[in-house]
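Everything on this sheet refers to the single structure shown next.
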Amino acid sequence: MAKMKNLTWKQRAGIGIGIIVILYCCVAFYYSKGFVFGTKINGENVSGMTEEEVIRLFQNKAENYSLTLKERKGKKEVLTEDQIRAKFEGADEIRKIAKEQSSLLWIKGLFGGETYDDITMFSYDENSFETAYQKLECMDKKKIVKRENAKPVYKDGKFVIQKEEKGTELDLEQTEKKIKECISGG
């Protein structure tokens with residue numbers, strides 16, 4: 001048998017560095033066809049997904065869209081895609097993000113990745129939204145309970161504290177603005 005030549009520390013370091021570079025390039029090649037490690041778009045982890053997979057993901061979200069409004073006293077109301085006619089319109093944004101990413105920079109995903117929030121993905125029909133919004137029970141003036149502070153009341157010959165009423169009254173402008181933001185962001 002031929003004897004193996006003893007390698008110097010420089011040769012061993014060179015081999016180790018070569019292996020690391022090859023592994024790094026293999027991972028970069030893997031991410032060359034999709035979003036790099038740690039990428040999030042509007043809260044969705046899209047690491048390793050292709051542009052088309054991400055577009056399909058958000059299209060499905062638009063088709064099955066619903067926004068649950070949690071109100072006081074445990075009440076919930078839901079706005080659905082049918083009511084507001086939500087449509088996915090973020091394909092161009094997704095392609096732009098994918099084009100801007102470099103697969104060679106995948107390693108920064110280990111240190112936090114890239115997060116893209118506030119990307120407008122959905123649009124909706126304003127008239128349909130307005131109709132659905134006005135039909136919500138929380139907008140029905142007959143069912144709105146006004147806020148009331150705690151106060152002393154005379155009852156059974158003595159004063160007692162009547163508990164406050166948190167009410168169901170809303171700042172209508174602020175509520176509408178927040179709902180629209182939620183729908184646009186998905």
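Chains: A, B, ... in order of the structure tokens. Residues: from 1 per chain. Ligands: from 1, in order shown.
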
Report task. Write out as a list in words the residues lying within 9 Å of Ser123 of chain A, counting only C-alpha atoms and excluding same-chain residues fewer than 4 positions away. Result -> Arg85, Ala86, Lys87, Phe88, Glu89, Ile183 and Ser184 of chain A

Query raised in the report: Near Gly113 of chain A, within 6 Å and counting only C-alpha atoms, which residues show up once chain neighbours fewer than 5 positions away are dropped, as a PyMOL selection string?
Result: chain A and resi 38-39+108

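Of the listed residues A:Ala28, A:Val78, A:Cys138, A:Ile179, the one whose atoms come nearest to Leu104 of chain A is A:Ala28, with distances taken using only C-alpha atoms.
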
Query - alpha helix (DSSP H) positions in segment 42-99 of chain A, given as a PyMOL selection string - result: chain A and resi 51-63+81-84+91-99

Requested in this report: Would you mind reading off the distance between atom CA of Phe35 of chain A and atom CA of Tyr116 of chain A, one decimal, in Å?
Outcome: 12.1 Å

Report task. Kindly give the distance, in Å, that separates atom CA of Leu170 of chain A and atom CA of Met139 of chain A, rounded to a single decimal. Result -> 8.2 Å

Do a neighbour search on Arg56 of chain A at 10 Å with only C-alpha atoms, toss out local chain neighbours closer than 5 positions, and write the hits as a compact mmCIF listing (two decimals) with C-alpha atoms, in the first residue's frame.
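Okay, this is what ended up in part_6.txt:
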```
# COMPACT_ATOMS: atom_id res chain seq x y z
CA THR A 50 -40.38 30.34 -5.99
CA GLU A 51 -42.07 33.52 -7.22
CA LYS A 61 -55.38 34.04 0.62
CA ALA A 62 -57.38 36.53 -1.48
CA PHE A 88 -54.91 39.78 -5.34
CA ALA A 91 -47.67 39.75 -8.25
```

Report task. For Tyr30 of chain A, work out the shell of residues within 12 Å, counting only C-alpha atoms and skipping chain neighbours fewer than 3 positions away, then give it as a list in words. Result -> Leu23, Tyr24, Cys25, Cys26, Val27, Lys33, Gly34, Phe35, Val36, Phe37, Ser47, Gly48, Met49, Thr50, Ser102, Ser103, Leu104 and Trp106 of chain A

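Residue nearest Glu137 of chain A within the list A:Lys76, A:Ala150, A:Thr8, A:Ser66: A:Lys76 [criterion: smallest interatomic distance, only C-alpha atoms].
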
Query raised in the report: Nearest to Leu136 of chain A among A:Ser32, A:Asn42, A:Thr80, A:Asn60, with distances taken over only C-alpha atoms: which residue is it?
Result: A:Thr80

Query raised in the report: segment 146-148 of chain A: which residues within 6 Å, counting only C-alpha atoms, same-chain residues fewer than 4 positions away excluded, as a PyMOL selection string?
Result: chain A and resi 164-167+169

Could the residues in this selection be saved with N, CA, C and O atoms as a tab-separated table (two decimals), in the first residue's frame?
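This went into part.tsv:
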```tsv
chain	number	residue	atom	x	y	z
A	164	GLU	N	-68.99	51.17	35.87
A	164	GLU	CA	-68.88	51.84	34.57
A	164	GLU	C	-69.35	50.92	33.46
A	164	GLU	O	-69.37	49.70	33.61
A	165	GLU	N	-69.74	51.52	32.35
A	165	GLU	CA	-70.13	50.77	31.15
A	165	GLU	C	-69.09	51.09	30.08
A	165	GLU	O	-68.94	52.24	29.68
A	166	LYS	N	-68.33	50.06	29.66
A	166	LYS	CA	-67.31	50.29	28.64
A	166	LYS	C	-67.94	50.62	27.30
A	166	LYS	O	-67.34	51.29	26.48
A	167	GLY	N	-69.11	50.12	27.07
A	167	GLY	CA	-69.84	50.43	25.85
A	167	GLY	C	-69.27	49.77	24.60
A	167	GLY	O	-68.25	49.08	24.64
A	169	GLU	N	-69.33	51.75	21.66
A	169	GLU	CA	-69.19	52.91	20.79
A	169	GLU	C	-67.80	52.90	20.13
A	169	GLU	O	-66.81	52.59	20.78
```

Query - Spatial neighbours of Glu93 of chain A, max dist 12 Å, only C-alpha atoms, sep filter under 6 positions, as JSON, numbers by chain - result: {"A": [41, 42, 51, 54, 55, 58, 99, 100, 116, 117, 118, 119, 120, 121, 122]}

Residues within 9 Å of Gln162 of chain A, please, as a PDB file with C-alpha atoms, in the first residue's frame. Count only C-alpha atoms; anything in the same chain fewer than 5 positions from it doesn't count.
```pdb
ATOM      1  CA  ASN A 149     -68.209  56.333  33.894  1.00  0.00           C
ATOM      2  CA  ALA A 150     -68.753  54.728  37.283  1.00  0.00           C
ATOM      3  CA  LYS A 151     -70.933  56.907  39.478  1.00  0.00           C
ATOM      4  CA  PRO A 152     -72.571  56.926  42.884  1.00  0.00           C
ATOM      5  CA  VAL A 153     -76.306  56.164  42.896  1.00  0.00           C
TER       6      VAL A 153
END
```

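Proximity ranking of A:Cys182, A:Lys155, A:Ile20, A:Lys143 relative to Thr168 of chain A places A:Lys143 first, based on only C-alpha atoms.
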